[in-house]
Amino acid sequence: MTEYVSNMGDGSRFFTTRKQALDDIGAGVGNAVDCTGVSELDANEIEHICDIICCEDRVVGVKPGREVVMTEDFGANRLGIDSGTCGNGVEIGRREGSLIFEKSFSMDTFELGHTDYSIKAVKPIIAHEMQTMEQMQMLMTIPLLYGAMPNMGLYYAPDGPYGNPADLMREFKIEEAMEAAELAADHMADDIEFVSVKMQEAGCDGFDFDTAGSAGDGDFVGTLKGAARLRKARPEANIIMGMSGENVLGIHGSIEYDGKVVAGMYPHEQVKLAEKAGVNIFGPVVNTNTGRSLAWNIARAVAITRECVRKADIPCHPNMGMGVGGIPMSETPPVEAATRASKAMVEIAKADGI
Amino acid sequence: MAASGIGGMRAAGDLVARMELSKNMRLDDAKRYVAKKLGVDPFDLSDVYMMREAREKLDIGVVTAMPNASRGIQSKMKIEDLLDIRINCCDNYRARMKR
């Protein structure tokens, strides 16, 4: 029986047969349906994923005419930073780096971001970021957004003014933990409004809220509130919201946005709240399981993302990186796995971009 | 990018992106809109040969360092006209140039 080179969710190589790949795809879709309530993939879609997995070419791609828009996060810091954030450690200025991404790497859009890449850290250096944005807008042609993580964890002790819910819950101070999350969410929304409106004043093409919900449901609500305030203050702003994980963690448990408890929401539910907040492009996340095969992870990611794309009234750009979107959890994802995940996400989930 | 990207300024990726961002257009609608403005088929938007010629003719920015070609904000002001959209930094620039 023919064996095909494939990868596990940690990036390691293994060999699979077409039958094994089909079994893994079925199991991955089944897991997606069980976990998130999305609908099954049909037989043609499952065969299509199997064809992609079992293609004997090392690198695959979408059919001509099916190409999609590329957005990204972290900007040119990606080249310079080497602190556990998968950067290359190649010191280069953000202006030069951005032009390299535009002219040499052919990005469709790009963004400026601070090395810490958190809203709270940007606030005290906003003037520096504004003047850099102003200069870069003179040089760049592709849409140049500003990007930052809401990162509500920085508003909790010991880094911020509010009690840390994890510590408070260990002491059975549940009410205090919930209150801390609510206060931190409101504080973060204030900072998001300040930073994003200032960057818009500097001529920014828009704002990318990256890894929304990283500190749980309060983080997601605070980000939605901040995005809504930006939309109200600067109606022309182009807003992207990318999630941090597939499921909104219920650290608070009952915090709401637009009358809905956000804890436990999956991408096809998250996108509706993002639309309500005035977001233009939504970035759903599906986490990779390192102990499962590429076929299992791609099938699961495609099933969950397809439902989000179907339910959305705005473009969806699924996060496709190290450990999300079916791509292995590795700092150096195998190109054969990354291109297979990318092709499946575009051709089957019908993503508007990546 | 190589597997599924339109190709940025090598092709028409930045133009399609602007329509997704500014008008919430889904991918196919954004491609149709840009293609109509360029007078081409949506299929051609990732054709680097055709798009290079179109970009040079319209002077809306190319990836290579070509002398006497618009770049940066100059290109974006022409992209505003081409796509019938407003770009924030161009508005800022016009506002500051008023004397």
# chains A, B, ... in the order shown; residues from 1 in each chain; ligands from 1
>>> interface_residues(of="chain B", to="chain A", cutoff="6 Å", atoms="only C-alpha atoms", output="JSON, numbers by chain")
{"B": [3, 4, 5, 6, 7, 8, 13, 14, 17, 21, 22, 24, 26, 27, 43, 63, 72, 73, 76, 88, 89]}
>>> write_last_selection(atoms="N, CA and C atoms", output="JSON list (two decimals), in the first residue's frame")
[["chain", "number", "residue", "atom", "x", "y", "z"],
["B", 3, "ALA", "N", 1.55, 29.73, -1.41],
["B", 3, "ALA", "CA", 0.52, 28.70, -1.61],
["B", 3, "ALA", "C", -0.82, 29.29, -1.98],
["B", 4, "SER", "N", -1.15, 30.44, -1.41],
["B", 4, "SER", "CA", -2.52, 30.92, -1.59],
["B", 4, "SER", "C", -2.66, 32.44, -1.65],
["B", 5, "GLY", "N", -1.57, 33.19, -1.64],
["B", 5, "GLY", "CA", -1.67, 34.65, -1.64],
["B", 5, "GLY", "C", -1.84, 35.22, -3.04],
["B", 6, "ILE", "N", -2.51, 36.36, -3.12],
["B", 6, "ILE", "CA", -2.72, 37.02, -4.42],
["B", 6, "ILE", "C", -1.39, 37.56, -4.95],
["B", 7, "GLY", "N", -0.56, 38.06, -4.04],
["B", 7, "GLY", "CA", 0.77, 38.48, -4.48],
["B", 7, "GLY", "C", 1.07, 39.95, -4.24],
["B", 8, "GLY", "N", 0.31, 40.59, -3.35],
["B", 8, "GLY", "CA", 0.60, 41.98, -2.99],
["B", 8, "GLY", "C", 0.73, 42.87, -4.21],
["B", 13, "GLY", "N", -3.02, 42.28, -4.98],
["B", 13, "GLY", "CA", -3.40, 41.89, -3.63],
["B", 13, "GLY", "C", -3.74, 43.05, -2.73],
["B", 14, "ASP", "N", -2.97, 44.13, -2.84],
["B", 14, "ASP", "CA", -3.24, 45.30, -1.98],
["B", 14, "ASP", "C", -4.57, 45.94, -2.33],
["B", 17, "ALA", "N", -7.36, 43.75, -0.95],
["B", 17, "ALA", "CA", -7.34, 43.92, 0.51],
["B", 17, "ALA", "C", -8.04, 45.21, 0.92],
["B", 21, "LEU", "N", -11.18, 45.49, 3.49],
["B", 21, "LEU", "CA", -11.04, 46.29, 4.71],
["B", 21, "LEU", "C", -12.01, 47.46, 4.78],
["B", 22, "SER", "N", -12.12, 48.18, 3.68],
["B", 22, "SER", "CA", -12.87, 49.44, 3.76],
["B", 22, "SER", "C", -14.37, 49.26, 3.55],
["B", 24, "ASN", "N", -15.98, 45.98, 3.86],
["B", 24, "ASN", "CA", -16.41, 44.66, 4.38],
["B", 24, "ASN", "C", -16.75, 43.70, 3.25],
["B", 26, "ARG", "N", -16.74, 40.60, 0.90],
["B", 26, "ARG", "CA", -16.20, 39.24, 0.91],
["B", 26, "ARG", "C", -15.25, 39.10, -0.29],
["B", 27, "LEU", "N", -14.42, 38.07, -0.25],
["B", 27, "LEU", "CA", -13.34, 37.93, -1.23],
["B", 27, "LEU", "C", -13.81, 38.03, -2.68],
["B", 43, "PHE", "N", -10.06, 36.53, -12.49],
["B", 43, "PHE", "CA", -9.02, 35.50, -12.59],
["B", 43, "PHE", "C", -7.64, 36.12, -12.81],
["B", 63, "VAL", "N", 6.55, 46.77, -7.46],
["B", 63, "VAL", "CA", 7.47, 46.31, -6.42],
["B", 63, "VAL", "C", 8.93, 46.63, -6.71],
["B", 72, "GLY", "N", 4.57, 55.02, -2.65],
["B", 72, "GLY", "CA", 4.01, 55.44, -1.37],
["B", 72, "GLY", "C", 2.73, 56.23, -1.51],
["B", 73, "ILE", "N", 2.68, 57.38, -0.86],
["B", 73, "ILE", "CA", 1.43, 58.15, -0.80],
["B", 73, "ILE", "C", 1.01, 58.65, -2.19],
["B", 76, "LYS", "N", -0.96, 55.87, -3.54],
["B", 76, "LYS", "CA", -2.23, 55.69, -2.81],
["B", 76, "LYS", "C", -3.27, 56.72, -3.22],
["B", 88, "ASN", "N", -7.08, 57.00, 4.66],
["B", 88, "ASN", "CA", -6.90, 57.89, 5.80],
["B", 88, "ASN", "C", -5.66, 58.77, 5.69],
["B", 89, "CYS", "N", -4.52, 58.21, 5.35],
["B", 89, "CYS", "CA", -3.29, 59.01, 5.31],
["B", 89, "CYS", "C", -3.34, 60.02, 4.17]]
>>> select_by_dssp(residues="segment 132-237 of chain A", states="alpha helix (DSSP H)", output="ChimeraX atom specification")
/A:132-139,165-170,174-201,217-233
>>> closest_residue(among="B:Ala69, B:Ala11, B:Leu45, B:Ile85", to="Lys23 of chain B", atoms="only C-alpha atoms")
B:Ile85
>>> closest_residue(among="A:Ala121, A:Ile304, A:Ile327, A:Leu145", to="Ser39 of chain A", atoms="only C-alpha atoms")
A:Ile304
>>> atom_distance(atom1="atom CA of Ser12 of chain A", atom2="atom CA of Ser293 of chain A")
9.5 Å
>>> atom_distance(atom1="atom CA of Lys260 of chain A", atom2="atom CA of Ala212 of chain A")
16.9 Å
>>> select_by_dssp(residues="segment 77-253 of chain A", states="strand (DSSP E or B)", output="list in words")
Phe110, Glu111, Leu112, Ser118, Leu144, Leu145, Tyr146, Gly147, Ala148, Met149, Tyr156, Tyr162, Gly206, Phe207, Asp208, Phe209, Asp210, Thr211, Ala212, Asn238, Ile239, Ile240, Met241, Gly242 and Met243 of chain A
>>> closest_residue(among="B:Asp44, B:Asp59, B:Lys78, B:Ala95", to="Ala12 of chain B", atoms="only C-alpha atoms")
B:Asp44
>>> closest_residue(among="B:Met1, B:Asp84, B:Pro67, B:Met25", to="Lys37 of chain B", atoms="only C-alpha atoms")
B:Asp84
>>> residues_around(residues="Ile192 of chain A", least_positions_apart="2", cutoff="12 Å", atoms="only C-alpha atoms", output="PyMOL selection string")
chain A and resi 118-123+126+146-152+185-190+194-200+207-209+212+219+222-231+233
>>> residues_around(residues="Asp217 of chain A", least_positions_apart="2", cutoff="9 Å", atoms="only C-alpha atoms", output="MDAnalysis selection string")
chainID A and resid 181 213:215 219:222 248:256 261:264
>>> write_last_selection(atoms="N, CA and C atoms", output="mmCIF file, in the first residue's frame")
data_model
loop_
_atom_site.group_PDB
_atom_site.id
_atom_site.type_symbol
_atom_site.label_atom_id
_atom_site.label_comp_id
_atom_site.auth_asym_id
_atom_site.auth_seq_id
_atom_site.Cartn_x
_atom_site.Cartn_y
_atom_site.Cartn_z
ATOM 1 N N ALA A 181 -11.898 41.218 36.934
ATOM 2 C CA ALA A 181 -11.951 41.014 35.477
ATOM 3 C C ALA A 181 -12.763 42.105 34.802
ATOM 4 N N GLY A 213 -8.950 37.923 23.607
ATOM 5 C CA GLY A 213 -9.422 36.862 24.507
ATOM 6 C C GLY A 213 -8.298 36.072 25.156
ATOM 7 N N SER A 214 -7.055 36.559 25.042
ATOM 8 C CA SER A 214 -5.936 35.779 25.587
ATOM 9 C C SER A 214 -6.032 35.618 27.101
ATOM 10 N N ALA A 215 -6.642 36.592 27.781
ATOM 11 C CA ALA A 215 -6.811 36.482 29.234
ATOM 12 C C ALA A 215 -8.254 36.090 29.571
ATOM 13 N N ASP A 219 -11.175 39.628 28.715
ATOM 14 C CA ASP A 219 -10.288 40.155 27.672
ATOM 15 C C ASP A 219 -11.066 40.324 26.364
ATOM 16 N N PHE A 220 -11.874 39.330 26.005
ATOM 17 C CA PHE A 220 -12.655 39.390 24.760
ATOM 18 C C PHE A 220 -13.674 40.529 24.825
ATOM 19 N N VAL A 221 -14.353 40.657 25.969
ATOM 20 C CA VAL A 221 -15.355 41.723 26.120
ATOM 21 C C VAL A 221 -14.677 43.101 26.076
ATOM 22 N N GLY A 222 -13.548 43.239 26.767
ATOM 23 C CA GLY A 222 -12.824 44.514 26.761
ATOM 24 C C GLY A 222 -12.364 44.883 25.357
ATOM 25 N N VAL A 248 -13.477 30.830 23.859
ATOM 26 C CA VAL A 248 -13.289 31.907 24.834
ATOM 27 C C VAL A 248 -13.300 31.287 26.239
ATOM 28 N N LEU A 249 -12.175 31.411 26.910
ATOM 29 C CA LEU A 249 -12.052 30.798 28.236
ATOM 30 C C LEU A 249 -12.879 31.571 29.270
ATOM 31 N N GLY A 250 -13.625 30.864 30.075
ATOM 32 C CA GLY A 250 -14.503 31.495 31.061
ATOM 33 C C GLY A 250 -13.807 31.790 32.378
ATOM 34 N N ILE A 251 -12.826 32.679 32.345
ATOM 35 C CA ILE A 251 -12.135 33.048 33.590
ATOM 36 C C ILE A 251 -13.121 33.775 34.505
ATOM 37 N N HIS A 252 -13.940 34.668 33.927
ATOM 38 C CA HIS A 252 -14.997 35.341 34.677
ATOM 39 C C HIS A 252 -16.210 34.403 34.768
ATOM 40 N N GLY A 253 -16.652 33.947 33.639
ATOM 41 C CA GLY A 253 -17.728 32.962 33.592
ATOM 42 C C GLY A 253 -19.062 33.497 33.135
ATOM 43 N N SER A 254 -19.376 34.753 33.475
ATOM 44 C CA SER A 254 -20.699 35.239 33.086
ATOM 45 C C SER A 254 -20.671 36.645 32.490
ATOM 46 N N ILE A 255 -19.493 37.167 32.210
ATOM 47 C CA ILE A 255 -19.417 38.509 31.627
ATOM 48 C C ILE A 255 -20.030 38.483 30.224
ATOM 49 N N GLU A 256 -20.751 39.573 29.886
ATOM 50 C CA GLU A 256 -21.528 39.581 28.637
ATOM 51 C C GLU A 256 -21.092 40.706 27.697
ATOM 52 N N VAL A 261 -23.527 35.961 27.075
ATOM 53 C CA VAL A 261 -22.367 35.457 27.819
ATOM 54 C C VAL A 261 -21.351 34.959 26.801
ATOM 55 N N VAL A 262 -20.111 35.472 26.884
ATOM 56 C CA VAL A 262 -19.123 35.143 25.850
ATOM 57 C C VAL A 262 -18.314 33.888 26.180
ATOM 58 N N ALA A 263 -18.290 33.509 27.444
ATOM 59 C CA ALA A 263 -17.499 32.329 27.834
ATOM 60 C C ALA A 263 -17.976 31.103 27.057
ATOM 61 N N GLY A 264 -17.032 30.362 26.521
ATOM 62 C CA GLY A 264 -17.368 29.124 25.807
ATOM 63 C C GLY A 264 -17.693 29.315 24.341
#
>>> residues_around(residues="Met322 of chain A", least_positions_apart="3", cutoff="7 Å", atoms="only C-alpha atoms", output="mmCIF file with N, CA and C atoms, in the first residue's frame")
data_model
loop_
_atom_site.group_PDB
_atom_site.id
_atom_site.type_symbol
_atom_site.label_atom_id
_atom_site.label_comp_id
_atom_site.auth_asym_id
_atom_site.auth_seq_id
_atom_site.Cartn_x
_atom_site.Cartn_y
_atom_site.Cartn_z
ATOM 1 N N ILE A 327 -1.933 23.942 11.246
ATOM 2 C CA ILE A 327 -0.474 23.939 11.062
ATOM 3 C C ILE A 327 0.194 23.421 12.343
ATOM 4 N N PRO A 328 1.230 22.588 12.197
ATOM 5 C CA PRO A 328 1.889 22.036 13.385
ATOM 6 C C PRO A 328 2.389 23.088 14.374
ATOM 7 N N MET A 329 2.390 22.696 15.642
ATOM 8 C CA MET A 329 2.878 23.554 16.721
ATOM 9 C C MET A 329 4.397 23.451 16.745
ATOM 10 N N SER A 330 5.035 24.292 15.947
ATOM 11 C CA SER A 330 6.484 24.241 15.818
ATOM 12 C C SER A 330 6.971 25.617 15.403
ATOM 13 N N GLU A 331 8.130 26.029 15.915
ATOM 14 C CA GLU A 331 8.660 27.340 15.524
ATOM 15 C C GLU A 331 9.103 27.350 14.074
ATOM 16 N N PRO A 333 7.512 25.529 11.202
ATOM 17 C CA PRO A 333 6.511 24.609 10.637
ATOM 18 C C PRO A 333 6.961 24.068 9.280
#
>>> closest_residue(among="B:Glu56, B:Asp47, B:Glu80, B:Glu20", to="Arg32 of chain B", atoms="only C-alpha atoms")
B:Glu20
>>> decode(residues="segment 112-140 of chain A", atoms="N, CA, C and O atoms", output="PDB file, in the first residue's frame")
ATOM      1  N   LEU A 112       2.310  48.083  11.574  1.00  0.00           N
ATOM      2  CA  LEU A 112       3.343  48.555  12.485  1.00  0.00           C
ATOM      3  C   LEU A 112       2.973  48.049  13.874  1.00  0.00           C
ATOM      4  O   LEU A 112       1.792  48.024  14.238  1.00  0.00           O
ATOM      5  N   GLY A 113       3.963  47.648  14.635  1.00  0.00           N
ATOM      6  CA  GLY A 113       3.686  47.209  16.001  1.00  0.00           C
ATOM      7  C   GLY A 113       4.883  47.487  16.889  1.00  0.00           C
ATOM      8  O   GLY A 113       6.036  47.525  16.432  1.00  0.00           O
ATOM      9  N   HIS A 114       4.618  47.694  18.159  1.00  0.00           N
ATOM     10  CA  HIS A 114       5.665  47.921  19.165  1.00  0.00           C
ATOM     11  C   HIS A 114       6.280  46.570  19.531  1.00  0.00           C
ATOM     12  O   HIS A 114       5.610  45.537  19.441  1.00  0.00           O
ATOM     13  N   THR A 115       7.542  46.576  19.941  1.00  0.00           N
ATOM     14  CA  THR A 115       8.212  45.312  20.246  1.00  0.00           C
ATOM     15  C   THR A 115       7.487  44.513  21.330  1.00  0.00           C
ATOM     16  O   THR A 115       7.452  43.288  21.290  1.00  0.00           O
ATOM     17  N   ASP A 116       6.890  45.185  22.312  1.00  0.00           N
ATOM     18  CA  ASP A 116       6.132  44.472  23.351  1.00  0.00           C
ATOM     19  C   ASP A 116       4.789  43.987  22.807  1.00  0.00           C
ATOM     20  O   ASP A 116       4.241  42.995  23.269  1.00  0.00           O
ATOM     21  N   TYR A 117       4.259  44.712  21.821  1.00  0.00           N
ATOM     22  CA  TYR A 117       3.049  44.355  21.088  1.00  0.00           C
ATOM     23  C   TYR A 117       1.824  44.264  22.001  1.00  0.00           C
ATOM     24  O   TYR A 117       0.932  43.457  21.770  1.00  0.00           O
ATOM     25  N   SER A 118       1.779  45.093  23.036  1.00  0.00           N
ATOM     26  CA  SER A 118       0.609  45.128  23.918  1.00  0.00           C
ATOM     27  C   SER A 118       0.093  46.550  24.018  1.00  0.00           C
ATOM     28  O   SER A 118       0.876  47.506  24.065  1.00  0.00           O
ATOM     29  N   ILE A 119      -1.227  46.694  24.065  1.00  0.00           N
ATOM     30  CA  ILE A 119      -1.863  48.015  24.136  1.00  0.00           C
ATOM     31  C   ILE A 119      -1.299  48.843  25.295  1.00  0.00           C
ATOM     32  O   ILE A 119      -0.957  50.011  25.125  1.00  0.00           O
ATOM     33  N   LYS A 120      -1.195  48.209  26.451  1.00  0.00           N
ATOM     34  CA  LYS A 120      -0.767  48.943  27.646  1.00  0.00           C
ATOM     35  C   LYS A 120       0.646  49.512  27.467  1.00  0.00           C
ATOM     36  O   LYS A 120       0.934  50.626  27.895  1.00  0.00           O
ATOM     37  N   ALA A 121       1.519  48.747  26.821  1.00  0.00           N
ATOM     38  CA  ALA A 121       2.905  49.193  26.636  1.00  0.00           C
ATOM     39  C   ALA A 121       3.017  50.303  25.604  1.00  0.00           C
ATOM     40  O   ALA A 121       3.967  51.092  25.635  1.00  0.00           O
ATOM     41  N   VAL A 122       2.052  50.386  24.696  1.00  0.00           N
ATOM     42  CA  VAL A 122       2.110  51.401  23.637  1.00  0.00           C
ATOM     43  C   VAL A 122       1.718  52.784  24.173  1.00  0.00           C
ATOM     44  O   VAL A 122       2.238  53.805  23.733  1.00  0.00           O
ATOM     45  N   LYS A 123       0.830  52.783  25.168  1.00  0.00           N
ATOM     46  CA  LYS A 123       0.256  54.050  25.638  1.00  0.00           C
ATOM     47  C   LYS A 123       1.325  55.109  25.988  1.00  0.00           C
ATOM     48  O   LYS A 123       1.227  56.245  25.513  1.00  0.00           O
ATOM     49  N   PRO A 124       2.347  54.761  26.783  1.00  0.00           N
ATOM     50  CA  PRO A 124       3.322  55.819  27.135  1.00  0.00           C
ATOM     51  C   PRO A 124       4.224  56.251  25.993  1.00  0.00           C
ATOM     52  O   PRO A 124       4.884  57.286  26.103  1.00  0.00           O
ATOM     53  N   ILE A 125       4.285  55.500  24.898  1.00  0.00           N
ATOM     54  CA  ILE A 125       5.165  55.883  23.780  1.00  0.00           C
ATOM     55  C   ILE A 125       4.337  56.185  22.531  1.00  0.00           C
ATOM     56  O   ILE A 125       4.817  56.049  21.410  1.00  0.00           O
ATOM     57  N   ILE A 126       3.109  56.621  22.747  1.00  0.00           N
ATOM     58  CA  ILE A 126       2.191  56.807  21.621  1.00  0.00           C
ATOM     59  C   ILE A 126       2.724  57.825  20.604  1.00  0.00           C
ATOM     60  O   ILE A 126       2.552  57.652  19.391  1.00  0.00           O
ATOM     61  N   ALA A 127       3.408  58.888  21.098  1.00  0.00           N
ATOM     62  CA  ALA A 127       3.910  59.910  20.174  1.00  0.00           C
ATOM     63  C   ALA A 127       4.941  59.311  19.221  1.00  0.00           C
ATOM     64  O   ALA A 127       4.979  59.634  18.024  1.00  0.00           O
ATOM     65  N   HIS A 128       5.783  58.431  19.750  1.00  0.00           N
ATOM     66  CA  HIS A 128       6.799  57.779  18.914  1.00  0.00           C
ATOM     67  C   HIS A 128       6.126  56.900  17.858  1.00  0.00           C
ATOM     68  O   HIS A 128       6.529  56.914  16.674  1.00  0.00           O
ATOM     69  N   GLU A 129       5.125  56.155  18.279  1.00  0.00           N
ATOM     70  CA  GLU A 129       4.441  55.280  17.331  1.00  0.00           C
ATOM     71  C   GLU A 129       3.702  56.093  16.257  1.00  0.00           C
ATOM     72  O   GLU A 129       3.667  55.711  15.090  1.00  0.00           O
ATOM     73  N   MET A 130       3.130  57.228  16.676  1.00  0.00           N
ATOM     74  CA  MET A 130       2.406  58.068  15.717  1.00  0.00           C
ATOM     75  C   MET A 130       3.342  58.630  14.650  1.00  0.00           C
ATOM     76  O   MET A 130       3.026  58.603  13.450  1.00  0.00           O
ATOM     77  N   GLN A 131       4.514  59.120  15.083  1.00  0.00           N
ATOM     78  CA  GLN A 131       5.405  59.716  14.074  1.00  0.00           C
ATOM     79  C   GLN A 131       5.987  58.648  13.167  1.00  0.00           C
ATOM     80  O   GLN A 131       6.196  58.878  11.973  1.00  0.00           O
ATOM     81  N   THR A 132       6.222  57.452  13.718  1.00  0.00           N
ATOM     82  CA  THR A 132       6.705  56.362  12.853  1.00  0.00           C
ATOM     83  C   THR A 132       5.632  55.996  11.830  1.00  0.00           C
ATOM     84  O   THR A 132       5.931  55.785  10.639  1.00  0.00           O
ATOM     85  N   MET A 133       4.392  55.927  12.272  1.00  0.00           N
ATOM     86  CA  MET A 133       3.280  55.624  11.359  1.00  0.00           C
ATOM     87  C   MET A 133       3.178  56.697  10.273  1.00  0.00           C
ATOM     88  O   MET A 133       3.021  56.388   9.077  1.00  0.00           O
ATOM     89  N   GLU A 134       3.283  57.964  10.671  1.00  0.00           N
ATOM     90  CA  GLU A 134       3.193  59.049   9.687  1.00  0.00           C
ATOM     91  C   GLU A 134       4.270  58.912   8.617  1.00  0.00           C
ATOM     92  O   GLU A 134       4.008  59.076   7.419  1.00  0.00           O
ATOM     93  N   GLN A 135       5.493  58.606   9.053  1.00  0.00           N
ATOM     94  CA  GLN A 135       6.592  58.464   8.087  1.00  0.00           C
ATOM     95  C   GLN A 135       6.376  57.263   7.173  1.00  0.00           C
ATOM     96  O   GLN A 135       6.597  57.338   5.962  1.00  0.00           O
ATOM     97  N   MET A 136       5.944  56.152   7.767  1.00  0.00           N
ATOM     98  CA  MET A 136       5.781  54.936   6.966  1.00  0.00           C
ATOM     99  C   MET A 136       4.647  55.054   5.966  1.00  0.00           C
ATOM    100  O   MET A 136       4.696  54.459   4.879  1.00  0.00           O
ATOM    101  N   GLN A 137       3.621  55.819   6.335  1.00  0.00           N
ATOM    102  CA  GLN A 137       2.507  55.990   5.389  1.00  0.00           C
ATOM    103  C   GLN A 137       2.942  56.765   4.142  1.00  0.00           C
ATOM    104  O   GLN A 137       2.340  56.633   3.089  1.00  0.00           O
ATOM    105  N   MET A 138       3.991  57.571   4.290  1.00  0.00           N
ATOM    106  CA  MET A 138       4.502  58.287   3.112  1.00  0.00           C
ATOM    107  C   MET A 138       5.192  57.322   2.148  1.00  0.00           C
ATOM    108  O   MET A 138       5.209  57.540   0.938  1.00  0.00           O
ATOM    109  N   LEU A 139       5.784  56.244   2.711  1.00  0.00           N
ATOM    110  CA  LEU A 139       6.621  55.350   1.905  1.00  0.00           C
ATOM    111  C   LEU A 139       5.889  54.127   1.370  1.00  0.00           C
ATOM    112  O   LEU A 139       6.258  53.587   0.339  1.00  0.00           O
ATOM    113  N   MET A 140       4.878  53.677   2.119  1.00  0.00           N
ATOM    114  CA  MET A 140       4.274  52.385   1.778  1.00  0.00           C
ATOM    115  C   MET A 140       3.005  52.531   0.950  1.00  0.00           C
ATOM    116  O   MET A 140       2.259  53.496   1.110  1.00  0.00           O
TER     117      MET A 140
END
